[in-house]
There are 2 protein chains.
Amino acid sequence: MALRTRLTQRFKIEHPIISAPMGFVAGGRLAAAVTSAGGLGLIGAGYGDAAWLRREFEAAGNARVGCGFITWSLARQPELLDLALAHAPAALMLSFGDPGPFAAKIKRAGVPLVCQVQTLAHARQAAAAGADVIVAEGGEAGGHGGTRATLTLTPEVADHLAVAAPDCMLLAAGGIADGRGLAAALLLGADGVLIGSRLLASVEALAPAGFVAAMIAADGDATIQTKVIDRVRGYDWPPGFSGRALKTRFVADWHGREDALRDPATKSAQAERYWQAFLAGDAEETGVFAGEAVGLIHDAPSASRIIAKIVTQAEDLLSGASNFIA
Amino acid sequence: MALRTRLTQRFKIEHPIISAPMGFVAGGRLAAAVTSAGGLGLIGAGYGDAAWLRREFEAAGNARVGCGFITWSLARQPELLDLALAHAPAALMLSFGDPGPFAAKIKRAGVPLVCQVQTLAHARQAAAAGADVIVAEGGEAGGHGGTRATLTLTPEVADHLAVAAPDCMLLAAGGIADGRGLAAALLLGADGVLIGSRLLASVEALAPAGFVAAMIAADGDATIQTKVIDRVRGYDWPPGFSGRALKTRFVADWHGREDALRDPATKSAQAERYWQAFLAGDAEETGVFAGEAVGLIHDAPSASRIIAKIVTQAEDLLSGASNFIA
């Protein structure tokens with residue numbers, strides 16, 4: 001058996017699964033493993049570091065992978081787009097900002113433009129910019145996101161695209177970590193899914209073992225959308241976005257009193273605490289971005305096993321769905 | 001065709017749909033219409049008003065309906081439970097608080113206990129209290145809720161129940177307004193769905209025409225979880241819950257500066273503004289609880305038409321789901 005959607009057909013991939021370009025942690029090895037497993041892997045360019053990006057494209061070897069940027073950050077160093085395009089990526093994904101200024105160059109390069117959106121308004125903007133794929137990302141996702149939920153955003157964007165851009169494909173993102181989520185997303189009107197957290201807890205992701213262990217130990221109640229991690233790192237995100245992370249001791253200490261981190265001495269001390277623990281893989285004393293789907297994640301096998309398991313479960317559910325009919 | 005799940009079998013209903021006991025607006029007429037349409041209707045006892053509750057049970061006539069309470073509010077006037085049980089309800093639903101103190105009496109009366117939960121921790125508590133049905137309510141729901149999303153909470157609670165209480169049934173709630181949502185919920189592991197907002201915009205709900213018109217005009221980006229409405233009404237909700245409502249002018253005026261409503265004169269003036277507009281059906285100047293699913297709601301027909309349409313769409317999707325298999 002295999003799942004077939006517009007996404008698998010147009011991207012000529014086996015499974016309707018793209019991996020989320022998680023900054024810092026979705027490197028070339030994970031992206032290549034996802035592609036090799038029959039999905040499409042994306043490298044997470046994050047806030048943008050040319051050396052890191054070059055290294056990770058290299059780590060992907062000859063695998064067909066794409067790359068994803070934080071749009072407002074890319075706007076500050078637009079040359080990184082040329083760097084990515086020079087690697088002939090299989091797809092270029094933009095999230096968190098107006099894709100308009102970059103769309104023409106990406107499309108001119110013949111690279112599929114994937115726009116991740118957090119609201120219907122964003123989806124309208126992305127469709128108008130000529131997106132080939134729109135990712136409807138609910139706030140249950142790990143890392144940065146908005147407040148809309150995947151369950152309502154996906155069908156609402158599907159309805160918009162059906163009228164405004166029927167050729168534009170749609171992925172659901174946020175909260176999808178198993179075959180139930182994939183099968184549900186397809187019935188909600190998506191052509192596939194973008195998967196983050198589930199692939200973060202994998203052999204190939206660039207995540208410290210301590211972070212992965214904390215994710216596996218956590219249930220879905222244990223995450224929170226917070227601005228603490230951005231504040232301590234000095235990233236000035238636009239309004240409307242915050243980062244979903246585990247409620248670690250570090251996050252719990254500062255969530256709700258982020259303004260205290262404006263004091264330079266406090267911020268500097270906490271930044272040291274954050275980065276020291278981050279580099280040591282000490283989850284409790286730092287920030288660990290992860291989605292609500294951690295409650296569905298209980299191991300950290302290879303990306304290939306993860307994808308095979310998701311697909312098999314989705315196939316079983318979809319092929320048996322008519323059993324609900326009396 | 002018809003959908004068959006444990007819910008339809010055990011409750012002997014035609015469709016796996018229960019209507020949300022929305023306080024003030026889900027009266028006997030709506031509950032009866034939902035039951036008559038093949039689902040199971042619940043009267044929304046809300047904060048508790050004996051006269052209102054008696055009247056609405058009467059309005060339901062001979063229809064088999066149930067009733068839902070706000071648990072922490074019921075604890076302050078527990079005699080309302082006796083009133084409800086005296087009407088031999090088809091189900092008794094408790095939301096927002098520990099069901100433990102009421103569970104024994106409800107079960108002794110032979111009435112199915114439905115517990116709505118907003119977290120996995122709540123679900124553990126409800127299962128331990130002997131719930132016959134657990135409703136996993138995501139924060140995309142209209143009215144009061146938590147921050148978990150339906151898409152992750154539903155399968156995570158399903159996994160818990162499979163081990164801890166395999167006979168306990170599971171409904172998904174929050175964000176479900178059409179057949180896509182119902183079909184997705186079943187594949188996520190639910191036995192059915194609880195539907196609120198979609199049935200609020202109906203002929204039979206006790207909602208002013210102005211509120212329904214505002215819901216129909218709104219897209220899913222136009223709602224927000226806020227404490228403003230509770231603050232101005234003087235309801236002291238426990239931590240962890242807020243109310244999702246349309247971002248009306250009234251809500252926008254006060255969201256983010258709720259503390260200013262602690263000033264007695266300000267609160268009194270704003271309460272007058274709120275209630276005057278509420279009674280006049282002037283949506284912009286009051287609070288209109290509604291879920292993110294408003295973006296999927298474009299009309300206000302009868303409950304019977306709403307349910308028929310949801311079920312038909314879900315049946316089509318489920319019977320065609322195997323088409324995704326290559």
# chains A, B, ... in the order shown; residues from 1 in each chain; ligands from 1
>>> calpha_fit_and_write(fixed="chain A", moving="chain B", output="mmCIF file with C-alpha atoms, in the first residue's frame")
data_model
loop_
_atom_site.group_PDB
_atom_site.id
_atom_site.type_symbol
_atom_site.label_atom_id
_atom_site.label_comp_id
_atom_site.auth_asym_id
_atom_site.auth_seq_id
_atom_site.Cartn_x
_atom_site.Cartn_y
_atom_site.Cartn_z
ATOM 1 C CA MET B 1 0.015 -0.013 -0.001
ATOM 2 C CA ALA B 2 1.016 3.620 -0.365
ATOM 3 C CA LEU B 3 -0.711 6.944 0.096
ATOM 4 C CA ARG B 4 -1.297 9.032 -2.970
ATOM 5 C CA THR B 5 -2.143 12.746 -2.943
ATOM 6 C CA ARG B 6 -1.377 15.756 -5.135
ATOM 7 C CA LEU B 7 1.751 16.222 -3.005
ATOM 8 C CA THR B 8 3.174 12.782 -3.681
ATOM 9 C CA GLN B 9 2.355 13.125 -7.370
ATOM 10 C CA ARG B 10 3.750 16.600 -8.000
ATOM 11 C CA PHE B 11 6.831 16.210 -5.810
ATOM 12 C CA LYS B 12 7.285 12.641 -6.980
ATOM 13 C CA ILE B 13 7.691 11.396 -3.442
ATOM 14 C CA GLU B 14 6.397 8.217 -1.896
ATOM 15 C CA HIS B 15 4.717 9.601 1.233
ATOM 16 C CA PRO B 16 2.817 12.882 1.754
ATOM 17 C CA ILE B 17 5.196 13.989 4.482
ATOM 18 C CA ILE B 18 7.602 16.928 4.558
ATOM 19 C CA SER B 19 9.849 17.455 7.544
ATOM 20 C CA ALA B 20 9.722 20.802 9.309
ATOM 21 C CA PRO B 21 12.823 22.964 8.805
ATOM 22 C CA MET B 22 13.461 23.259 12.529
ATOM 23 C CA GLY B 23 16.205 25.816 13.130
ATOM 24 C CA PHE B 24 19.426 24.456 14.669
ATOM 25 C CA VAL B 25 18.113 20.885 14.796
ATOM 26 C CA ALA B 26 16.920 19.917 11.311
ATOM 27 C CA GLY B 27 20.274 19.586 9.621
ATOM 28 C CA GLY B 28 21.313 17.881 6.424
ATOM 29 C CA ARG B 29 21.426 14.437 7.952
ATOM 30 C CA LEU B 30 17.782 14.530 9.095
ATOM 31 C CA ALA B 31 16.614 16.098 5.833
ATOM 32 C CA ALA B 32 18.407 13.440 3.818
ATOM 33 C CA ALA B 33 17.010 10.666 5.994
ATOM 34 C CA VAL B 34 13.462 11.936 5.524
ATOM 35 C CA THR B 35 13.904 12.071 1.765
ATOM 36 C CA SER B 36 15.495 8.664 1.751
ATOM 37 C CA ALA B 37 12.505 7.352 3.728
ATOM 38 C CA GLY B 38 10.151 8.508 0.986
ATOM 39 C CA GLY B 39 9.187 11.947 2.266
ATOM 40 C CA LEU B 40 10.839 15.269 1.552
ATOM 41 C CA GLY B 41 13.381 16.626 3.998
ATOM 42 C CA LEU B 42 13.964 20.305 4.695
ATOM 43 C CA ILE B 43 17.020 21.853 6.296
ATOM 44 C CA GLY B 44 16.170 24.459 8.930
ATOM 45 C CA ALA B 45 18.091 27.618 8.122
ATOM 46 C CA GLY B 46 16.571 29.314 11.161
ATOM 47 C CA TYR B 47 17.878 32.801 11.860
ATOM 48 C CA GLY B 48 20.495 32.354 9.171
ATOM 49 C CA ASP B 49 24.123 31.361 9.399
ATOM 50 C CA ALA B 50 25.850 30.956 6.046
ATOM 51 C CA ALA B 51 28.546 28.586 7.314
ATOM 52 C CA TRP B 52 26.017 26.354 9.068
ATOM 53 C CA LEU B 53 23.769 26.289 6.044
ATOM 54 C CA ARG B 54 26.621 25.363 3.669
ATOM 55 C CA ARG B 55 27.728 22.627 6.031
ATOM 56 C CA GLU B 56 24.251 21.165 6.343
ATOM 57 C CA PHE B 57 23.595 21.162 2.605
ATOM 58 C CA GLU B 58 26.895 19.305 2.369
ATOM 59 C CA ALA B 59 25.806 16.893 5.107
ATOM 60 C CA ALA B 60 22.744 16.060 3.022
ATOM 61 C CA GLY B 61 25.070 14.774 0.325
ATOM 62 C CA ASN B 62 23.346 13.967 -2.919
ATOM 63 C CA ALA B 63 19.929 13.631 -1.298
ATOM 64 C CA ARG B 64 17.184 15.780 -2.746
ATOM 65 C CA VAL B 65 16.353 18.169 0.090
ATOM 66 C CA GLY B 66 14.872 21.593 0.534
ATOM 67 C CA CYS B 67 15.408 24.379 2.983
ATOM 68 C CA GLY B 68 13.298 26.653 5.160
ATOM 69 C CA PHE B 69 13.830 30.206 6.367
ATOM 70 C CA ILE B 70 12.343 32.496 8.993
ATOM 71 C CA THR B 71 11.091 35.148 6.617
ATOM 72 C CA TRP B 72 11.565 38.242 8.796
ATOM 73 C CA SER B 73 15.088 37.101 9.583
ATOM 74 C CA LEU B 74 15.884 36.346 5.939
ATOM 75 C CA ALA B 75 14.850 39.905 5.100
ATOM 76 C CA ARG B 76 17.860 41.072 7.123
ATOM 77 C CA GLN B 77 20.338 38.908 5.209
ATOM 78 C CA PRO B 78 18.691 38.198 1.854
ATOM 79 C CA GLU B 79 21.945 36.848 0.410
ATOM 80 C CA LEU B 80 21.227 33.585 2.235
ATOM 81 C CA LEU B 81 18.440 32.953 -0.230
ATOM 82 C CA ASP B 82 20.989 32.941 -3.064
ATOM 83 C CA LEU B 83 23.129 30.538 -1.096
ATOM 84 C CA ALA B 84 20.182 28.182 -0.673
ATOM 85 C CA LEU B 85 19.040 28.499 -4.280
ATOM 86 C CA ALA B 86 22.593 27.718 -5.438
ATOM 87 C CA HIS B 87 22.044 24.252 -3.973
ATOM 88 C CA ALA B 88 18.996 23.718 -6.216
ATOM 89 C CA PRO B 89 16.735 22.872 -3.271
ATOM 90 C CA ALA B 90 13.739 20.618 -3.847
ATOM 91 C CA ALA B 91 11.598 23.258 -2.141
ATOM 92 C CA LEU B 92 12.102 26.597 -0.427
ATOM 93 C CA MET B 93 9.932 27.256 2.584
ATOM 94 C CA LEU B 94 9.257 30.646 4.125
ATOM 95 C CA SER B 95 7.584 31.105 7.497
ATOM 96 C CA PHE B 96 6.715 34.073 9.692
ATOM 97 C CA GLY B 97 6.522 37.121 7.492
ATOM 98 C CA ASP B 98 5.463 38.364 4.086
ATOM 99 C CA PRO B 99 6.766 35.976 1.409
ATOM 100 C CA GLY B 100 6.119 38.589 -1.264
ATOM 101 C CA PRO B 101 9.626 40.077 -1.490
ATOM 102 C CA PHE B 102 11.204 36.650 -2.071
ATOM 103 C CA ALA B 103 8.561 34.836 -4.078
ATOM 104 C CA ALA B 104 9.574 36.008 -7.549
ATOM 105 C CA LYS B 105 13.222 35.014 -7.167
ATOM 106 C CA ILE B 106 12.332 31.579 -5.832
ATOM 107 C CA LYS B 107 9.821 30.889 -8.555
ATOM 108 C CA ARG B 108 12.176 32.236 -11.229
ATOM 109 C CA ALA B 109 14.694 29.667 -10.039
ATOM 110 C CA GLY B 110 12.116 26.986 -10.716
ATOM 111 C CA VAL B 111 12.029 26.036 -7.037
ATOM 112 C CA PRO B 112 8.646 25.203 -5.473
ATOM 113 C CA LEU B 113 7.652 27.917 -2.982
ATOM 114 C CA VAL B 114 6.274 26.593 0.285
ATOM 115 C CA CYS B 115 4.709 29.204 2.572
ATOM 116 C CA GLN B 116 3.875 28.366 6.148
ATOM 117 C CA VAL B 117 0.972 30.380 7.531
ATOM 118 C CA GLN B 118 -0.552 30.762 10.955
ATOM 119 C CA THR B 119 -3.784 32.544 10.084
ATOM 120 C CA LEU B 120 -6.286 32.713 7.253
ATOM 121 C CA ALA B 121 -5.017 36.236 6.545
ATOM 122 C CA HIS B 122 -1.495 34.853 6.056
ATOM 123 C CA ALA B 123 -2.904 32.186 3.764
ATOM 124 C CA ARG B 124 -4.577 34.813 1.586
ATOM 125 C CA GLN B 125 -1.244 36.651 1.395
ATOM 126 C CA ALA B 126 0.708 33.504 0.539
ATOM 127 C CA ALA B 127 -1.751 32.410 -2.120
ATOM 128 C CA ALA B 128 -1.608 35.863 -3.662
ATOM 129 C CA ALA B 129 2.200 35.686 -3.640
ATOM 130 C CA GLY B 130 2.011 32.548 -5.753
ATOM 131 C CA ALA B 131 2.806 29.856 -3.203
ATOM 132 C CA ASP B 132 2.948 26.353 -4.659
ATOM 133 C CA VAL B 133 2.294 24.855 -1.243
ATOM 134 C CA ILE B 134 0.751 26.435 1.829
ATOM 135 C CA VAL B 135 1.397 24.929 5.224
ATOM 136 C CA ALA B 136 -1.394 25.649 7.711
ATOM 137 C CA GLU B 137 0.415 25.613 11.035
ATOM 138 C CA GLY B 138 -1.597 25.424 14.219
ATOM 139 C CA GLY B 139 -0.330 26.770 17.518
ATOM 140 C CA GLU B 140 -0.026 23.237 18.906
ATOM 141 C CA ALA B 141 3.190 23.010 16.863
ATOM 142 C CA GLY B 142 6.544 23.092 18.575
ATOM 143 C CA GLY B 143 8.684 26.169 18.133
ATOM 144 C CA HIS B 144 7.218 29.312 16.713
ATOM 145 C CA GLY B 145 3.621 29.639 15.747
ATOM 146 C CA GLY B 146 0.434 31.587 16.183
ATOM 147 C CA THR B 147 -2.744 30.892 18.079
ATOM 148 C CA ARG B 148 -5.009 29.286 15.456
ATOM 149 C CA ALA B 149 -5.453 25.507 15.750
ATOM 150 C CA THR B 150 -4.560 23.036 13.010
ATOM 151 C CA LEU B 151 -8.029 21.475 13.166
ATOM 152 C CA THR B 152 -9.823 24.655 12.120
ATOM 153 C CA LEU B 153 -7.095 26.400 10.124
ATOM 154 C CA THR B 154 -6.588 23.495 7.719
ATOM 155 C CA PRO B 155 -10.157 23.195 6.394
ATOM 156 C CA GLU B 156 -10.626 26.949 6.398
ATOM 157 C CA VAL B 157 -7.505 27.453 4.265
ATOM 158 C CA ALA B 158 -8.624 24.551 2.067
ATOM 159 C CA ASP B 159 -11.901 26.362 1.439
ATOM 160 C CA HIS B 160 -10.042 29.559 0.576
ATOM 161 C CA LEU B 161 -7.652 27.820 -1.804
ATOM 162 C CA ALA B 162 -10.446 25.925 -3.516
ATOM 163 C CA VAL B 163 -11.691 29.276 -4.751
ATOM 164 C CA ALA B 164 -8.625 31.507 -4.868
ATOM 165 C CA ALA B 165 -5.819 29.149 -5.866
ATOM 166 C CA PRO B 166 -7.058 25.642 -6.623
ATOM 167 C CA ASP B 167 -3.642 24.479 -7.830
ATOM 168 C CA CYS B 168 -1.945 25.474 -4.589
ATOM 169 C CA MET B 169 -1.398 22.447 -2.391
ATOM 170 C CA LEU B 170 -2.054 22.420 1.339
ATOM 171 C CA LEU B 171 -0.196 20.769 4.197
ATOM 172 C CA ALA B 172 -1.325 20.606 7.803
ATOM 173 C CA ALA B 173 1.263 21.231 10.504
ATOM 174 C CA GLY B 174 1.160 21.281 14.267
ATOM 175 C CA GLY B 175 0.180 18.386 16.468
ATOM 176 C CA ILE B 176 0.769 15.635 13.923
ATOM 177 C CA ALA B 177 3.020 12.858 15.147
ATOM 178 C CA ASP B 178 1.385 9.621 14.120
ATOM 179 C CA GLY B 179 -0.800 8.019 11.495
ATOM 180 C CA ARG B 180 -3.956 9.249 13.193
ATOM 181 C CA GLY B 181 -2.837 12.823 12.658
ATOM 182 C CA LEU B 182 -1.840 12.197 9.058
ATOM 183 C CA ALA B 183 -5.115 10.438 8.233
ATOM 184 C CA ALA B 184 -7.124 13.177 9.949
ATOM 185 C CA ALA B 185 -5.216 15.878 8.052
ATOM 186 C CA LEU B 186 -6.054 14.294 4.705
ATOM 187 C CA LEU B 187 -9.763 14.174 5.568
ATOM 188 C CA LEU B 188 -9.595 17.817 6.689
ATOM 189 C CA GLY B 189 -8.584 18.717 3.155
ATOM 190 C CA ALA B 190 -4.788 18.668 3.278
ATOM 191 C CA ASP B 191 -2.589 17.090 0.610
ATOM 192 C CA GLY B 192 -0.083 16.041 3.234
ATOM 193 C CA VAL B 193 1.546 17.047 6.487
ATOM 194 C CA LEU B 194 4.598 18.868 7.773
ATOM 195 C CA ILE B 195 6.085 17.067 10.756
ATOM 196 C CA GLY B 196 8.392 18.623 13.315
ATOM 197 C CA SER B 197 8.523 17.366 16.896
ATOM 198 C CA ARG B 198 8.085 13.694 15.984
ATOM 199 C CA LEU B 199 11.202 13.939 13.773
ATOM 200 C CA LEU B 200 13.069 15.995 16.358
ATOM 201 C CA ALA B 201 13.018 12.903 18.571
ATOM 202 C CA SER B 202 14.946 10.844 16.043
ATOM 203 C CA VAL B 203 18.394 9.417 15.559
ATOM 204 C CA GLU B 204 19.252 11.954 12.858
ATOM 205 C CA ALA B 205 18.111 15.273 14.389
ATOM 206 C CA LEU B 206 20.739 17.579 15.862
ATOM 207 C CA ALA B 207 19.103 17.504 19.290
ATOM 208 C CA PRO B 208 21.028 16.756 22.476
ATOM 209 C CA ALA B 209 20.094 13.437 24.069
ATOM 210 C CA GLY B 210 18.894 15.304 27.164
ATOM 211 C CA PHE B 211 16.349 17.246 25.104
ATOM 212 C CA VAL B 212 15.036 14.113 23.461
ATOM 213 C CA ALA B 213 14.772 12.354 26.805
ATOM 214 C CA ALA B 214 12.798 15.315 28.191
ATOM 215 C CA MET B 215 10.432 15.180 25.206
ATOM 216 C CA ILE B 216 9.863 11.478 25.647
ATOM 217 C CA ALA B 217 9.174 11.920 29.357
ATOM 218 C CA ALA B 218 6.723 14.780 28.770
ATOM 219 C CA ASP B 219 3.008 14.479 28.120
ATOM 220 C CA GLY B 220 1.085 16.932 25.966
ATOM 221 C CA ASP B 221 0.109 19.058 28.966
ATOM 222 C CA ALA B 222 3.794 19.842 29.522
ATOM 223 C CA THR B 223 4.303 22.418 26.765
ATOM 224 C CA ILE B 224 3.549 26.125 26.683
ATOM 225 C CA GLN B 225 3.662 28.983 24.199
ATOM 226 C CA THR B 226 6.136 31.448 25.598
ATOM 227 C CA LYS B 227 8.271 34.442 24.674
ATOM 228 C CA VAL B 228 10.852 33.682 27.366
ATOM 229 C CA ILE B 229 13.229 31.824 25.091
ATOM 230 C CA ASP B 230 13.234 34.558 22.452
ATOM 231 C CA ARG B 231 13.702 37.223 25.087
ATOM 232 C CA VAL B 232 16.738 35.605 26.635
ATOM 233 C CA ARG B 233 18.275 34.910 23.243
ATOM 234 C CA GLY B 234 17.632 38.471 22.116
ATOM 235 C CA TYR B 235 15.420 37.583 19.164
ATOM 236 C CA ASP B 236 12.834 40.239 18.548
ATOM 237 C CA TRP B 237 9.923 38.343 17.009
ATOM 238 C CA PRO B 238 7.085 40.263 15.388
ATOM 239 C CA PRO B 239 3.754 40.349 17.241
ATOM 240 C CA GLY B 240 1.471 37.349 16.878
ATOM 241 C CA PHE B 241 4.127 34.673 17.280
ATOM 242 C CA SER B 242 5.524 32.884 20.279
ATOM 243 C CA GLY B 243 7.439 29.662 20.747
ATOM 244 C CA ARG B 244 5.965 26.432 22.082
ATOM 245 C CA ALA B 245 8.425 24.671 24.344
ATOM 246 C CA LEU B 246 8.558 22.263 27.226
ATOM 247 C CA LYS B 247 7.690 23.871 30.565
ATOM 248 C CA THR B 248 11.213 23.362 31.837
ATOM 249 C CA ARG B 249 12.418 24.942 35.063
ATOM 250 C CA PHE B 250 14.042 27.713 33.041
ATOM 251 C CA VAL B 251 10.817 28.542 31.189
ATOM 252 C CA ALA B 252 8.704 28.272 34.333
ATOM 253 C CA ASP B 253 11.059 30.647 36.136
ATOM 254 C CA TRP B 254 10.478 33.439 33.636
ATOM 255 C CA HIS B 255 7.167 32.859 31.874
ATOM 256 C CA GLY B 256 4.782 35.611 32.866
ATOM 257 C CA ARG B 257 7.549 37.910 34.026
ATOM 258 C CA GLU B 258 9.432 38.299 30.759
ATOM 259 C CA ASP B 259 9.786 42.022 31.335
ATOM 260 C CA ALA B 260 12.237 41.373 34.157
ATOM 261 C CA LEU B 261 14.564 40.072 31.431
ATOM 262 C CA ARG B 262 14.819 43.612 30.068
ATOM 263 C CA ASP B 263 17.234 44.374 32.877
ATOM 264 C CA PRO B 264 20.655 43.932 31.208
ATOM 265 C CA ALA B 265 22.359 42.183 34.147
ATOM 266 C CA THR B 266 19.453 39.783 34.636
ATOM 267 C CA LYS B 267 19.254 39.058 30.954
ATOM 268 C CA SER B 268 22.955 38.454 30.694
ATOM 269 C CA ALA B 269 22.971 36.055 33.644
ATOM 270 C CA GLN B 270 19.966 34.179 32.324
ATOM 271 C CA ALA B 271 21.380 34.049 28.810
ATOM 272 C CA GLU B 272 24.483 32.441 30.262
ATOM 273 C CA ARG B 273 22.324 29.956 32.170
ATOM 274 C CA TYR B 274 20.328 29.267 29.002
ATOM 275 C CA TRP B 275 23.245 28.744 26.631
ATOM 276 C CA GLN B 276 25.384 26.796 29.055
ATOM 277 C CA ALA B 277 22.569 24.340 29.675
ATOM 278 C CA PHE B 278 21.633 24.336 25.981
ATOM 279 C CA LEU B 279 25.133 23.283 24.992
ATOM 280 C CA ALA B 280 25.283 20.736 27.793
ATOM 281 C CA GLY B 281 21.912 19.294 26.784
ATOM 282 C CA ASP B 282 20.499 20.049 30.227
ATOM 283 C CA ALA B 283 16.828 20.424 29.301
ATOM 284 C CA GLU B 284 15.549 21.733 32.628
ATOM 285 C CA GLU B 285 17.837 24.761 32.686
ATOM 286 C CA THR B 286 17.270 25.870 29.113
ATOM 287 C CA GLY B 287 14.564 26.068 26.438
ATOM 288 C CA VAL B 288 13.461 22.997 24.507
ATOM 289 C CA PHE B 289 11.092 23.788 21.652
ATOM 290 C CA ALA B 290 8.556 21.008 21.265
ATOM 291 C CA GLY B 291 4.913 20.725 20.293
ATOM 292 C CA GLU B 292 1.886 19.351 22.105
ATOM 293 C CA ALA B 293 2.439 16.169 20.133
ATOM 294 C CA VAL B 294 5.148 15.192 22.635
ATOM 295 C CA GLY B 295 2.327 13.359 24.366
ATOM 296 C CA LEU B 296 2.266 11.004 21.376
ATOM 297 C CA ILE B 297 6.045 10.534 21.246
ATOM 298 C CA HIS B 298 7.562 7.734 23.296
ATOM 299 C CA ASP B 299 10.808 6.876 21.539
ATOM 300 C CA ALA B 300 13.493 8.276 19.249
ATOM 301 C CA PRO B 301 14.135 5.818 16.433
ATOM 302 C CA SER B 302 15.438 6.603 12.961
ATOM 303 C CA ALA B 303 13.514 8.964 10.689
ATOM 304 C CA SER B 304 12.941 6.046 8.398
ATOM 305 C CA ARG B 305 11.219 4.005 11.121
ATOM 306 C CA ILE B 306 9.197 7.015 12.231
ATOM 307 C CA ILE B 307 7.898 7.681 8.752
ATOM 308 C CA ALA B 308 7.173 4.044 7.989
ATOM 309 C CA LYS B 309 5.152 3.752 11.183
ATOM 310 C CA ILE B 310 3.166 6.931 10.547
ATOM 311 C CA VAL B 311 2.360 5.911 7.007
ATOM 312 C CA THR B 312 1.379 2.356 7.896
ATOM 313 C CA GLN B 313 -0.960 3.555 10.622
ATOM 314 C CA ALA B 314 -2.520 6.156 8.329
ATOM 315 C CA GLU B 315 -3.005 3.591 5.582
ATOM 316 C CA ASP B 316 -4.709 1.225 8.004
ATOM 317 C CA LEU B 317 -7.039 3.949 9.245
ATOM 318 C CA LEU B 318 -7.924 5.238 5.798
ATOM 319 C CA SER B 319 -8.466 1.827 4.292
ATOM 320 C CA GLY B 320 -10.629 0.867 7.265
ATOM 321 C CA ALA B 321 -12.520 4.166 7.488
ATOM 322 C CA SER B 322 -15.546 2.798 5.705
ATOM 323 C CA ASN B 323 -16.069 0.496 8.681
ATOM 324 C CA PHE B 324 -17.613 3.497 10.417
ATOM 325 C CA ILE B 325 -20.421 3.297 7.891
ATOM 326 C CA ALA B 326 -23.225 1.046 9.075
#
>>> select_by_dssp(residues="stretch 125-226 of chain A", states="helix (DSSP H, G or I)", output="JSON, numbers by chain")
{"A": [125, 126, 127, 128, 150, 151, 152, 153, 154, 155, 156, 157, 158, 159, 160, 161, 162, 163, 164, 179, 180, 181, 182, 183, 184, 185, 186, 187, 197, 198, 199, 200, 209, 210, 211, 212, 213, 214, 215, 216, 217, 220, 221, 222]}
>>> select_by_dssp(residues="stretch 25-262 of chain B", states="strand (DSSP E or B)", output="ChimeraX atom specification")
/B:40-46,65-70,92-95,113-117,133-137,143-145,169-173,192-195,223-226,242-246
